[in-house]
Amino acid sequence: MRLEEFTTDTITEARMVWRKMGKTVKRAVRCTSGPRRGRVVANVGQCAKPINLKKRLTMKKTKARMGSRMSRKAQRTKRVNPASRRVASLNKRKFKWSLVILDL
């Protein structure tokens with residue numbers, strides 16, 4: 001049985017996005033709920049998985065030690081790498097929603 005059989009509400013637990021893996025661009029999902037909210041993962045099932053605390057603490061220590069170097073390198077990659085630029089353009093919204101002020 002599926003949840004869709006019981007309710008008519010739309011269930012949105014992930015959004016389709018593009019991601020860079022090496023030199024190629026692949027489709028992925030961005031989690032909108034769960035412990036990995038906001039993270040880009042390969043499939044929707046990974047959004048509800050528990051966080052690996054050992055990896056999280058290791059990354060926290062690495063960021064404390066080399067945070068500025070990591071951010072500079074990431075910004076340079078996003079600016080220079082063609083695959084990163086392609087991903088940025090693919091993930092932009094197609095329509096720009098502007099704020100409409102209604103006069104009442």
# chains A, B, ... in the order shown; residues from 1 in each chain; ligands from 1
>>> residues_around(residues="range 29-32 of chain A", least_positions_apart="4", cutoff="8 Å", atoms="only C-alpha atoms", output="PyMOL selection string")
chain A and resi 12-18+36-44+47
>>> closest_atom_pairs(of="range 22-43 of chain A", to="range 71-94 of chain A", cutoff="7 Å", atoms="only C-alpha atoms", output="Markdown table")
| residue | atom | partner | partner_atom | distance |
| --- | --- | --- | --- | --- |
| A:Lys23 | CA | A:Ala83 | CA | 6.1 |
| A:Thr24 | CA | A:Ala83 | CA | 6.7 |
| A:Val25 | CA | A:Ala83 | CA | 6.6 |
>>> write_last_selection(atoms="C-alpha atoms", output="short mmCIF file (atom, residue, chain, number, x, y, z; two decimals), in the first residue's frame")
data_model
loop_
_atom_site.label_atom_id
_atom_site.label_comp_id
_atom_site.auth_asym_id
_atom_site.auth_seq_id
_atom_site.Cartn_x
_atom_site.Cartn_y
_atom_site.Cartn_z
CA LYS A 23 33.57 16.28 -15.04
CA THR A 24 30.02 15.13 -15.76
CA VAL A 25 26.65 16.63 -14.86
#
>>> atom_distance(atom1="CA of Arg69 in chain A", atom2="CA of Lys26 in chain A")
26.7 Å
>>> atom_distance(atom1="CA of Ala48 in chain A", atom2="CA of Pro35 in chain A")
6.4 Å
